[in-house]
2 protein chains.
Amino acid sequence: MSKLLQDAVAEFAKLPGVGRRTALRLAMHLLKMDSQEVEQMMQTINRYRQQIRHCQRCNNLSDTDLCPICSNPERDHSTICVVEQVGDLMSIENTRQYRGMYHVLGGVISPMQGVGPSDLKIDLLVDKIKQGGIKEVILAISTSVEGETTLFYIMNRLKQYPEVRVTTIARGIGFGDELEYVDELTITHAMMNRREVE
Amino acid sequence: MSKLLQDAVAEFAKLPGVGRRTALRLAMHLLKMDSQEVEQMMQTINRYRQQIRHCQRCNNLSDTDLCPICSNPERDHSTICVVEQVGDLMSIENTRQYRGMYHVLGGVISPMQGVGPSDLKIDLLVDKIKQGGIKEVILAISTSVEGETTLFYIMNRLKQYPEVRVTTIARGIGFGDELEYVDELTITHAMMNRREVE
């Protein structure tokens, strides 16, 4: 096998979710693209890597020191939705229903993987709340063991600010999910948190 | 959403099999890699793109004018295995059982996609056979309609060389496949081409 191809495949295979077979397909595809396209791709990715930064207020990815959400005066600055990662923020933004602020932790507490509270942007969140003006903190953190640990840690830190309402997003049966295939814990929660039919 | 991130995601999403979600994951991963790693990845991919070429004899990808297989005097130069693409060649090489030559067509005849015989390296194959010394041509082409068309086209072109044995690889039930789930055509072929138990 060609050394050049071998090296390219090895590089692609380092990416998450890319096995040797996919890496090979990507390498083959690259040969079909014209040089201009490849050049543009490389430049875009390089520019992204070198110029992107984290919002100083909420830790969202941003082209500027303050992200477009934090610098938008028309959004509700008294509500903060805490998420694990930028992808979660995007999912919520895609609903176009939420008009408040965000706070990106950058992960969850995971002693197994050596991630402690100080590795996450929790102090930055507490500082923001300390400055006042925050009415509600919505914890939109995953229900994994690590997620729950992180949730309880943050709830404890926020106890010193009783004026701030702390909520978590609702757990229940997703739209389109078939009850038959939903796990027991979710069903239990969905039953407990049942609501009056409106 | 950050423009830099948006652009990077759009570039990744141009790759085959990469949707927006995967593109986003790749973009996020890139931020976790250190600059040296990213630099090395970019350089390797650039070098691959710019320096790789096709073997002048068999159309395999190669670092040099003749690929390592064609320039290996210890392999059997009288047998040519014809495959659609470089990935197929690699799969056969991975078995470490075949010691002959290859010929990479670069696709299959597909009028729907505007691919005619002249778009494939069929003339190069016929020229090679014309020069003599070839005893067998193994057609390892897929069983799709396009594959069969290509197979018949090549078989017709090779009729003028009756001294060359033309074969196709065996169709049958794969090892580990469960008969229950195998399609009828494959079972029919497997039954027709049954062999004595040795």
# chains A, B, ... in the order shown; residues from 1 in each chain; ligands from 1
>>> calpha_fit_and_write(fixed="chain B", moving="chain A", output="PDB file with C-alpha atoms, in the first residue's frame")
ATOM      1  CA  MET A   1     -23.600  30.334  16.055  1.00  0.00           C
ATOM      2  CA  SER A   2     -19.989  31.348  15.468  1.00  0.00           C
ATOM      3  CA  LYS A   3     -19.249  32.020  11.796  1.00  0.00           C
ATOM      4  CA  LEU A   4     -15.850  30.301  12.050  1.00  0.00           C
ATOM      5  CA  LEU A   5     -17.445  27.183  13.510  1.00  0.00           C
ATOM      6  CA  GLN A   6     -20.279  27.312  10.971  1.00  0.00           C
ATOM      7  CA  ASP A   7     -17.778  27.426   8.096  1.00  0.00           C
ATOM      8  CA  ALA A   8     -15.699  24.571   9.513  1.00  0.00           C
ATOM      9  CA  VAL A   9     -18.814  22.425  10.010  1.00  0.00           C
ATOM     10  CA  ALA A  10     -19.925  23.191   6.439  1.00  0.00           C
ATOM     11  CA  GLU A  11     -16.536  22.026   5.114  1.00  0.00           C
ATOM     12  CA  PHE A  12     -16.556  18.788   7.125  1.00  0.00           C
ATOM     13  CA  ALA A  13     -20.149  18.115   6.062  1.00  0.00           C
ATOM     14  CA  LYS A  14     -19.005  18.067   2.410  1.00  0.00           C
ATOM     15  CA  LEU A  15     -17.158  14.806   3.076  1.00  0.00           C
ATOM     16  CA  PRO A  16     -18.987  11.571   2.198  1.00  0.00           C
ATOM     17  CA  GLY A  17     -20.880  10.011   5.082  1.00  0.00           C
ATOM     18  CA  VAL A  18     -20.422  13.071   7.276  1.00  0.00           C
ATOM     19  CA  GLY A  19     -23.681  14.724   8.332  1.00  0.00           C
ATOM     20  CA  ARG A  20     -24.043  17.975  10.256  1.00  0.00           C
ATOM     21  CA  ARG A  21     -23.899  16.223  13.611  1.00  0.00           C
ATOM     22  CA  THR A  22     -20.676  14.340  12.823  1.00  0.00           C
ATOM     23  CA  ALA A  23     -19.212  17.499  11.269  1.00  0.00           C
ATOM     24  CA  LEU A  24     -19.882  19.347  14.514  1.00  0.00           C
ATOM     25  CA  ARG A  25     -18.239  16.569  16.529  1.00  0.00           C
ATOM     26  CA  LEU A  26     -15.183  16.687  14.258  1.00  0.00           C
ATOM     27  CA  ALA A  27     -14.974  20.486  14.641  1.00  0.00           C
ATOM     28  CA  MET A  28     -15.182  20.141  18.443  1.00  0.00           C
ATOM     29  CA  HIS A  29     -12.547  17.431  18.423  1.00  0.00           C
ATOM     30  CA  LEU A  30     -10.179  19.654  16.444  1.00  0.00           C
ATOM     31  CA  LEU A  31     -10.211  22.178  19.291  1.00  0.00           C
ATOM     32  CA  LYS A  32      -9.147  19.486  21.739  1.00  0.00           C
ATOM     33  CA  MET A  33      -6.155  18.418  19.636  1.00  0.00           C
ATOM     34  CA  ASP A  34      -2.947  20.389  20.213  1.00  0.00           C
ATOM     35  CA  SER A  35      -1.717  22.629  17.388  1.00  0.00           C
ATOM     36  CA  GLN A  36       1.195  20.348  16.558  1.00  0.00           C
ATOM     37  CA  GLU A  37      -1.141  17.414  15.934  1.00  0.00           C
ATOM     38  CA  VAL A  38      -3.421  19.525  13.733  1.00  0.00           C
ATOM     39  CA  GLU A  39      -0.421  20.888  11.843  1.00  0.00           C
ATOM     40  CA  GLN A  40       0.880  17.359  11.234  1.00  0.00           C
ATOM     41  CA  MET A  41      -2.546  16.176  10.066  1.00  0.00           C
ATOM     42  CA  MET A  42      -2.839  19.065   7.619  1.00  0.00           C
ATOM     43  CA  GLN A  43       0.669  18.491   6.264  1.00  0.00           C
ATOM     44  CA  THR A  44       0.163  14.749   5.835  1.00  0.00           C
ATOM     45  CA  ILE A  45      -3.117  15.239   4.003  1.00  0.00           C
ATOM     46  CA  ASN A  46      -1.635  17.962   1.800  1.00  0.00           C
ATOM     47  CA  ARG A  47       1.397  15.851   0.937  1.00  0.00           C
ATOM     48  CA  TYR A  48      -0.866  12.909   0.140  1.00  0.00           C
ATOM     49  CA  ARG A  49      -3.078  15.036  -2.097  1.00  0.00           C
ATOM     50  CA  GLN A  50      -0.178  16.595  -3.973  1.00  0.00           C
ATOM     51  CA  GLN A  51       2.219  13.696  -4.362  1.00  0.00           C
ATOM     52  CA  ILE A  52       0.120  10.578  -4.813  1.00  0.00           C
ATOM     53  CA  ARG A  53      -0.292   9.282  -8.366  1.00  0.00           C
ATOM     54  CA  HIS A  54      -1.704   6.319 -10.240  1.00  0.00           C
ATOM     55  CA  CYS A  55       0.483   3.363 -11.172  1.00  0.00           C
ATOM     56  CA  GLN A  56       1.089   3.563 -14.942  1.00  0.00           C
ATOM     57  CA  ARG A  57       0.639  -0.164 -15.312  1.00  0.00           C
ATOM     58  CA  CYS A  58      -2.340  -1.058 -13.117  1.00  0.00           C
ATOM     59  CA  ASN A  59      -3.891   2.276 -12.039  1.00  0.00           C
ATOM     60  CA  ASN A  60      -3.386   1.450  -8.338  1.00  0.00           C
ATOM     61  CA  LEU A  61      -2.571   4.422  -6.095  1.00  0.00           C
ATOM     62  CA  SER A  62       1.172   4.750  -5.766  1.00  0.00           C
ATOM     63  CA  ASP A  63       3.979   6.952  -4.465  1.00  0.00           C
ATOM     64  CA  THR A  64       6.011   6.150  -7.594  1.00  0.00           C
ATOM     65  CA  ASP A  65       5.304   5.638 -11.317  1.00  0.00           C
ATOM     66  CA  LEU A  66       5.056   1.879 -10.813  1.00  0.00           C
ATOM     67  CA  CYS A  67       3.261   0.619  -7.688  1.00  0.00           C
ATOM     68  CA  PRO A  68       5.029  -1.806  -5.287  1.00  0.00           C
ATOM     69  CA  ILE A  69       2.953  -4.708  -6.621  1.00  0.00           C
ATOM     70  CA  CYS A  70       3.756  -4.128 -10.312  1.00  0.00           C
ATOM     71  CA  SER A  71       7.443  -3.629  -9.546  1.00  0.00           C
ATOM     72  CA  ASN A  72       7.710  -6.750  -7.384  1.00  0.00           C
ATOM     73  CA  PRO A  73       9.513  -9.459  -9.426  1.00  0.00           C
ATOM     74  CA  GLU A  74       8.479 -12.155  -6.938  1.00  0.00           C
ATOM     75  CA  ARG A  75       4.793 -11.831  -7.746  1.00  0.00           C
ATOM     76  CA  ASP A  76       3.037 -13.707 -10.535  1.00  0.00           C
ATOM     77  CA  HIS A  77       2.945 -11.308 -13.495  1.00  0.00           C
ATOM     78  CA  SER A  78       0.887 -13.687 -15.650  1.00  0.00           C
ATOM     79  CA  THR A  79      -2.322 -13.286 -13.614  1.00  0.00           C
ATOM     80  CA  ILE A  80      -4.298 -10.050 -13.441  1.00  0.00           C
ATOM     81  CA  CYS A  81      -7.149  -9.475 -11.003  1.00  0.00           C
ATOM     82  CA  VAL A  82      -9.463  -6.715 -12.266  1.00  0.00           C
ATOM     83  CA  VAL A  83     -11.151  -4.641  -9.542  1.00  0.00           C
ATOM     84  CA  GLU A  84     -13.346  -1.559  -9.523  1.00  0.00           C
ATOM     85  CA  GLN A  85     -11.399   0.534  -7.046  1.00  0.00           C
ATOM     86  CA  VAL A  86      -8.290   0.694  -4.905  1.00  0.00           C
ATOM     87  CA  GLY A  87     -10.252  -0.296  -1.791  1.00  0.00           C
ATOM     88  CA  ASP A  88     -11.128  -3.624  -3.417  1.00  0.00           C
ATOM     89  CA  LEU A  89      -7.465  -4.266  -4.216  1.00  0.00           C
ATOM     90  CA  MET A  90      -6.616  -3.614  -0.565  1.00  0.00           C
ATOM     91  CA  SER A  91      -9.285  -6.035   0.651  1.00  0.00           C
ATOM     92  CA  ILE A  92      -7.827  -8.785  -1.528  1.00  0.00           C
ATOM     93  CA  GLU A  93      -4.261  -7.914  -0.490  1.00  0.00           C
ATOM     94  CA  ASN A  94      -5.314  -8.154   3.148  1.00  0.00           C
ATOM     95  CA  THR A  95      -6.050 -11.852   2.678  1.00  0.00           C
ATOM     96  CA  ARG A  96      -2.318 -12.355   1.833  1.00  0.00           C
ATOM     97  CA  GLN A  97      -3.358 -15.245  -0.420  1.00  0.00           C
ATOM     98  CA  TYR A  98      -3.236 -13.698  -3.873  1.00  0.00           C
ATOM     99  CA  ARG A  99       0.222 -13.309  -5.438  1.00  0.00           C
ATOM    100  CA  GLY A 100      -0.668 -12.006  -8.909  1.00  0.00           C
ATOM    101  CA  MET A 101      -1.091  -8.536 -10.412  1.00  0.00           C
ATOM    102  CA  TYR A 102      -4.070  -6.178 -10.284  1.00  0.00           C
ATOM    103  CA  HIS A 103      -5.835  -3.810 -12.595  1.00  0.00           C
ATOM    104  CA  VAL A 104      -7.910  -0.987 -11.103  1.00  0.00           C
ATOM    105  CA  LEU A 105     -10.724   0.143 -13.430  1.00  0.00           C
ATOM    106  CA  GLY A 106     -11.594   3.241 -11.445  1.00  0.00           C
ATOM    107  CA  GLY A 107     -15.328   2.495 -11.424  1.00  0.00           C
ATOM    108  CA  VAL A 108     -17.962   0.638 -13.403  1.00  0.00           C
ATOM    109  CA  ILE A 109     -19.874   1.418 -16.585  1.00  0.00           C
ATOM    110  CA  SER A 110     -22.928   3.426 -15.568  1.00  0.00           C
ATOM    111  CA  PRO A 111     -24.863   5.248 -18.292  1.00  0.00           C
ATOM    112  CA  MET A 112     -27.061   6.752 -15.574  1.00  0.00           C
ATOM    113  CA  GLN A 113     -24.049   8.507 -14.058  1.00  0.00           C
ATOM    114  CA  GLY A 114     -22.467   9.254 -17.407  1.00  0.00           C
ATOM    115  CA  VAL A 115     -19.647   6.720 -17.009  1.00  0.00           C
ATOM    116  CA  GLY A 116     -18.806   4.961 -20.282  1.00  0.00           C
ATOM    117  CA  PRO A 117     -16.109   2.373 -21.055  1.00  0.00           C
ATOM    118  CA  SER A 118     -13.676   5.115 -22.106  1.00  0.00           C
ATOM    119  CA  ASP A 119     -13.890   6.672 -18.625  1.00  0.00           C
ATOM    120  CA  LEU A 120     -12.457   3.480 -17.149  1.00  0.00           C
ATOM    121  CA  LYS A 121      -8.959   2.047 -17.569  1.00  0.00           C
ATOM    122  CA  ILE A 122     -10.140  -0.748 -19.852  1.00  0.00           C
ATOM    123  CA  ASP A 123      -7.903   0.136 -22.832  1.00  0.00           C
ATOM    124  CA  LEU A 124      -4.882   0.046 -20.524  1.00  0.00           C
ATOM    125  CA  LEU A 125      -5.911  -3.490 -19.497  1.00  0.00           C
ATOM    126  CA  VAL A 126      -6.385  -4.664 -23.088  1.00  0.00           C
ATOM    127  CA  ASP A 127      -3.032  -3.143 -24.097  1.00  0.00           C
ATOM    128  CA  LYS A 128      -1.340  -5.059 -21.299  1.00  0.00           C
ATOM    129  CA  ILE A 129      -2.896  -8.322 -22.480  1.00  0.00           C
ATOM    130  CA  LYS A 130      -2.016  -7.565 -26.101  1.00  0.00           C
ATOM    131  CA  GLN A 131       1.650  -7.425 -25.088  1.00  0.00           C
ATOM    132  CA  GLY A 132       1.372 -11.117 -24.155  1.00  0.00           C
ATOM    133  CA  GLY A 133       2.486 -13.154 -21.165  1.00  0.00           C
ATOM    134  CA  ILE A 134      -0.905 -13.038 -19.427  1.00  0.00           C
ATOM    135  CA  LYS A 135      -2.425 -16.454 -18.647  1.00  0.00           C
ATOM    136  CA  GLU A 136      -5.462 -15.493 -16.576  1.00  0.00           C
ATOM    137  CA  VAL A 137      -7.683 -12.474 -15.945  1.00  0.00           C
ATOM    138  CA  ILE A 138      -9.805 -12.700 -12.799  1.00  0.00           C
ATOM    139  CA  LEU A 139     -12.775 -10.329 -12.877  1.00  0.00           C
ATOM    140  CA  ALA A 140     -13.494  -9.343  -9.249  1.00  0.00           C
ATOM    141  CA  ILE A 141     -16.276  -6.904 -10.048  1.00  0.00           C
ATOM    142  CA  SER A 142     -19.424  -6.305  -7.994  1.00  0.00           C
ATOM    143  CA  THR A 143     -22.675  -8.075  -8.885  1.00  0.00           C
ATOM    144  CA  SER A 144     -24.653  -4.840  -9.341  1.00  0.00           C
ATOM    145  CA  VAL A 145     -26.302  -4.170 -12.715  1.00  0.00           C
ATOM    146  CA  GLU A 146     -23.441  -1.761 -13.516  1.00  0.00           C
ATOM    147  CA  GLY A 147     -20.889  -4.333 -12.414  1.00  0.00           C
ATOM    148  CA  GLU A 148     -22.412  -7.036 -14.622  1.00  0.00           C
ATOM    149  CA  THR A 149     -22.491  -4.627 -17.580  1.00  0.00           C
ATOM    150  CA  THR A 150     -18.815  -3.857 -17.052  1.00  0.00           C
ATOM    151  CA  LEU A 151     -18.022  -7.561 -16.731  1.00  0.00           C
ATOM    152  CA  PHE A 152     -19.708  -8.419 -20.024  1.00  0.00           C
ATOM    153  CA  TYR A 153     -18.074  -5.473 -21.766  1.00  0.00           C
ATOM    154  CA  ILE A 154     -14.609  -6.588 -20.648  1.00  0.00           C
ATOM    155  CA  MET A 155     -15.336 -10.248 -21.507  1.00  0.00           C
ATOM    156  CA  ASN A 156     -16.260  -9.151 -25.030  1.00  0.00           C
ATOM    157  CA  ARG A 157     -13.075  -7.137 -25.406  1.00  0.00           C
ATOM    158  CA  LEU A 158     -11.016 -10.122 -24.230  1.00  0.00           C
ATOM    159  CA  LYS A 159     -12.626 -12.609 -26.664  1.00  0.00           C
ATOM    160  CA  GLN A 160      -9.886 -11.771 -29.210  1.00  0.00           C
ATOM    161  CA  TYR A 161      -7.355 -13.358 -26.848  1.00  0.00           C
ATOM    162  CA  PRO A 162      -8.649 -16.950 -26.485  1.00  0.00           C
ATOM    163  CA  GLU A 163      -5.343 -18.039 -24.958  1.00  0.00           C
ATOM    164  CA  VAL A 164      -6.195 -15.985 -21.858  1.00  0.00           C
ATOM    165  CA  ARG A 165      -8.395 -17.705 -19.277  1.00  0.00           C
ATOM    166  CA  VAL A 166     -11.089 -15.291 -18.013  1.00  0.00           C
ATOM    167  CA  THR A 167     -12.649 -16.100 -14.621  1.00  0.00           C
ATOM    168  CA  THR A 168     -14.833 -14.366 -12.034  1.00  0.00           C
ATOM    169  CA  ILE A 169     -14.624 -14.772  -8.280  1.00  0.00           C
ATOM    170  CA  ALA A 170     -17.026 -17.289  -6.700  1.00  0.00           C
ATOM    171  CA  ARG A 171     -20.401 -16.118  -5.464  1.00  0.00           C
ATOM    172  CA  GLY A 172     -21.850 -17.977  -2.501  1.00  0.00           C
ATOM    173  CA  ILE A 173     -22.710 -17.818   1.174  1.00  0.00           C
ATOM    174  CA  GLY A 174     -20.125 -15.879   3.173  1.00  0.00           C
ATOM    175  CA  PHE A 175     -18.453 -17.496   6.166  1.00  0.00           C
ATOM    176  CA  GLY A 176     -20.482 -16.641   9.248  1.00  0.00           C
ATOM    177  CA  ASP A 177     -23.531 -15.634   7.211  1.00  0.00           C
ATOM    178  CA  GLU A 178     -26.798 -17.159   8.336  1.00  0.00           C
ATOM    179  CA  LEU A 179     -28.665 -18.811   5.482  1.00  0.00           C
ATOM    180  CA  GLU A 180     -31.904 -17.449   6.867  1.00  0.00           C
ATOM    181  CA  TYR A 181     -30.817 -13.882   6.110  1.00  0.00           C
ATOM    182  CA  VAL A 182     -29.057 -14.384   2.762  1.00  0.00           C
ATOM    183  CA  ASP A 183     -30.830 -13.091  -0.360  1.00  0.00           C
ATOM    184  CA  GLU A 184     -32.406 -15.529  -2.838  1.00  0.00           C
ATOM    185  CA  LEU A 185     -30.020 -14.818  -5.719  1.00  0.00           C
ATOM    186  CA  THR A 186     -26.987 -15.649  -3.615  1.00  0.00           C
ATOM    187  CA  ILE A 187     -28.603 -18.846  -2.337  1.00  0.00           C
ATOM    188  CA  THR A 188     -29.565 -19.829  -5.896  1.00  0.00           C
ATOM    189  CA  HIS A 189     -25.961 -19.353  -7.045  1.00  0.00           C
ATOM    190  CA  ALA A 190     -24.585 -21.145  -4.008  1.00  0.00           C
ATOM    191  CA  MET A 191     -26.887 -24.127  -4.685  1.00  0.00           C
ATOM    192  CA  MET A 192     -26.068 -24.268  -8.392  1.00  0.00           C
ATOM    193  CA  ASN A 193     -22.324 -24.073  -7.801  1.00  0.00           C
ATOM    194  CA  ARG A 194     -22.329 -26.643  -5.006  1.00  0.00           C
ATOM    195  CA  ARG A 195     -19.200 -28.734  -4.602  1.00  0.00           C
ATOM    196  CA  GLU A 196     -18.355 -32.263  -3.452  1.00  0.00           C
ATOM    197  CA  VAL A 197     -17.524 -32.424   0.231  1.00  0.00           C
ATOM    198  CA  GLU A 198     -13.785 -33.107   0.436  1.00  0.00           C
TER     199      GLU A 198
END
>>> select_by_dssp(residues="range 64-121 of chain A", states="strand (DSSP E)", output="NGL selection string")
:A and (76-83 or 100-104)
>>> select_by_dssp(residues="range 46-137 of chain B", states="alpha helix (DSSP H)", output="list in words")
Asn46, Arg47, Tyr48, Arg49, Gln50, Gln51, Val86, Gly87, Asp88, Leu89, Met90, Ser91, Ile92, Glu93, Asn94, Ile122, Asp123, Leu124, Leu125, Val126, Asp127, Lys128, Ile129 and Lys130 of chain B
>>> decode(residues="range 32-86 of chain B", atoms="C-alpha atoms", output="mmCIF file, in the first residue's frame")
data_model
loop_
_atom_site.group_PDB
_atom_site.id
_atom_site.type_symbol
_atom_site.label_atom_id
_atom_site.label_comp_id
_atom_site.auth_asym_id
_atom_site.auth_seq_id
_atom_site.Cartn_x
_atom_site.Cartn_y
_atom_site.Cartn_z
ATOM 1 C CA LYS B 32 -9.123 19.467 21.750
ATOM 2 C CA MET B 33 -6.138 18.412 19.633
ATOM 3 C CA ASP B 34 -2.925 20.357 20.207
ATOM 4 C CA SER B 35 -1.692 22.603 17.388
ATOM 5 C CA GLN B 36 1.212 20.322 16.558
ATOM 6 C CA GLU B 37 -1.130 17.398 15.935
ATOM 7 C CA VAL B 38 -3.400 19.511 13.738
ATOM 8 C CA GLU B 39 -0.399 20.869 11.837
ATOM 9 C CA GLN B 40 0.890 17.352 11.232
ATOM 10 C CA MET B 41 -2.529 16.170 10.077
ATOM 11 C CA MET B 42 -2.821 19.061 7.614
ATOM 12 C CA GLN B 43 0.682 18.490 6.258
ATOM 13 C CA THR B 44 0.170 14.746 5.844
ATOM 14 C CA ILE B 45 -3.104 15.253 4.005
ATOM 15 C CA ASN B 46 -1.626 17.972 1.797
ATOM 16 C CA ARG B 47 1.396 15.846 0.930
ATOM 17 C CA TYR B 48 -0.866 12.914 0.140
ATOM 18 C CA ARG B 49 -3.079 15.056 -2.109
ATOM 19 C CA GLN B 50 -0.175 16.597 -3.976
ATOM 20 C CA GLN B 51 2.213 13.691 -4.368
ATOM 21 C CA ILE B 52 0.116 10.579 -4.812
ATOM 22 C CA ARG B 53 -0.305 9.279 -8.377
ATOM 23 C CA HIS B 54 -1.716 6.305 -10.243
ATOM 24 C CA CYS B 55 0.468 3.356 -11.169
ATOM 25 C CA GLN B 56 1.060 3.568 -14.931
ATOM 26 C CA ARG B 57 0.624 -0.168 -15.316
ATOM 27 C CA CYS B 58 -2.357 -1.067 -13.113
ATOM 28 C CA ASN B 59 -3.911 2.272 -12.021
ATOM 29 C CA ASN B 60 -3.395 1.448 -8.328
ATOM 30 C CA LEU B 61 -2.588 4.415 -6.092
ATOM 31 C CA SER B 62 1.165 4.740 -5.774
ATOM 32 C CA ASP B 63 3.968 6.942 -4.480
ATOM 33 C CA THR B 64 5.986 6.145 -7.591
ATOM 34 C CA ASP B 65 5.287 5.634 -11.313
ATOM 35 C CA LEU B 66 5.041 1.882 -10.816
ATOM 36 C CA CYS B 67 3.261 0.609 -7.692
ATOM 37 C CA PRO B 68 5.004 -1.803 -5.290
ATOM 38 C CA ILE B 69 2.925 -4.708 -6.618
ATOM 39 C CA CYS B 70 3.732 -4.115 -10.306
ATOM 40 C CA SER B 71 7.416 -3.622 -9.544
ATOM 41 C CA ASN B 72 7.687 -6.736 -7.377
ATOM 42 C CA PRO B 73 9.499 -9.443 -9.409
ATOM 43 C CA GLU B 74 8.465 -12.139 -6.939
ATOM 44 C CA ARG B 75 4.768 -11.819 -7.740
ATOM 45 C CA ASP B 76 3.026 -13.705 -10.537
ATOM 46 C CA HIS B 77 2.938 -11.296 -13.508
ATOM 47 C CA SER B 78 0.872 -13.683 -15.648
ATOM 48 C CA THR B 79 -2.338 -13.289 -13.610
ATOM 49 C CA ILE B 80 -4.314 -10.045 -13.435
ATOM 50 C CA CYS B 81 -7.150 -9.460 -10.978
ATOM 51 C CA VAL B 82 -9.469 -6.711 -12.261
ATOM 52 C CA VAL B 83 -11.171 -4.631 -9.527
ATOM 53 C CA GLU B 84 -13.366 -1.553 -9.515
ATOM 54 C CA GLN B 85 -11.416 0.540 -7.057
ATOM 55 C CA VAL B 86 -8.312 0.701 -4.908
#
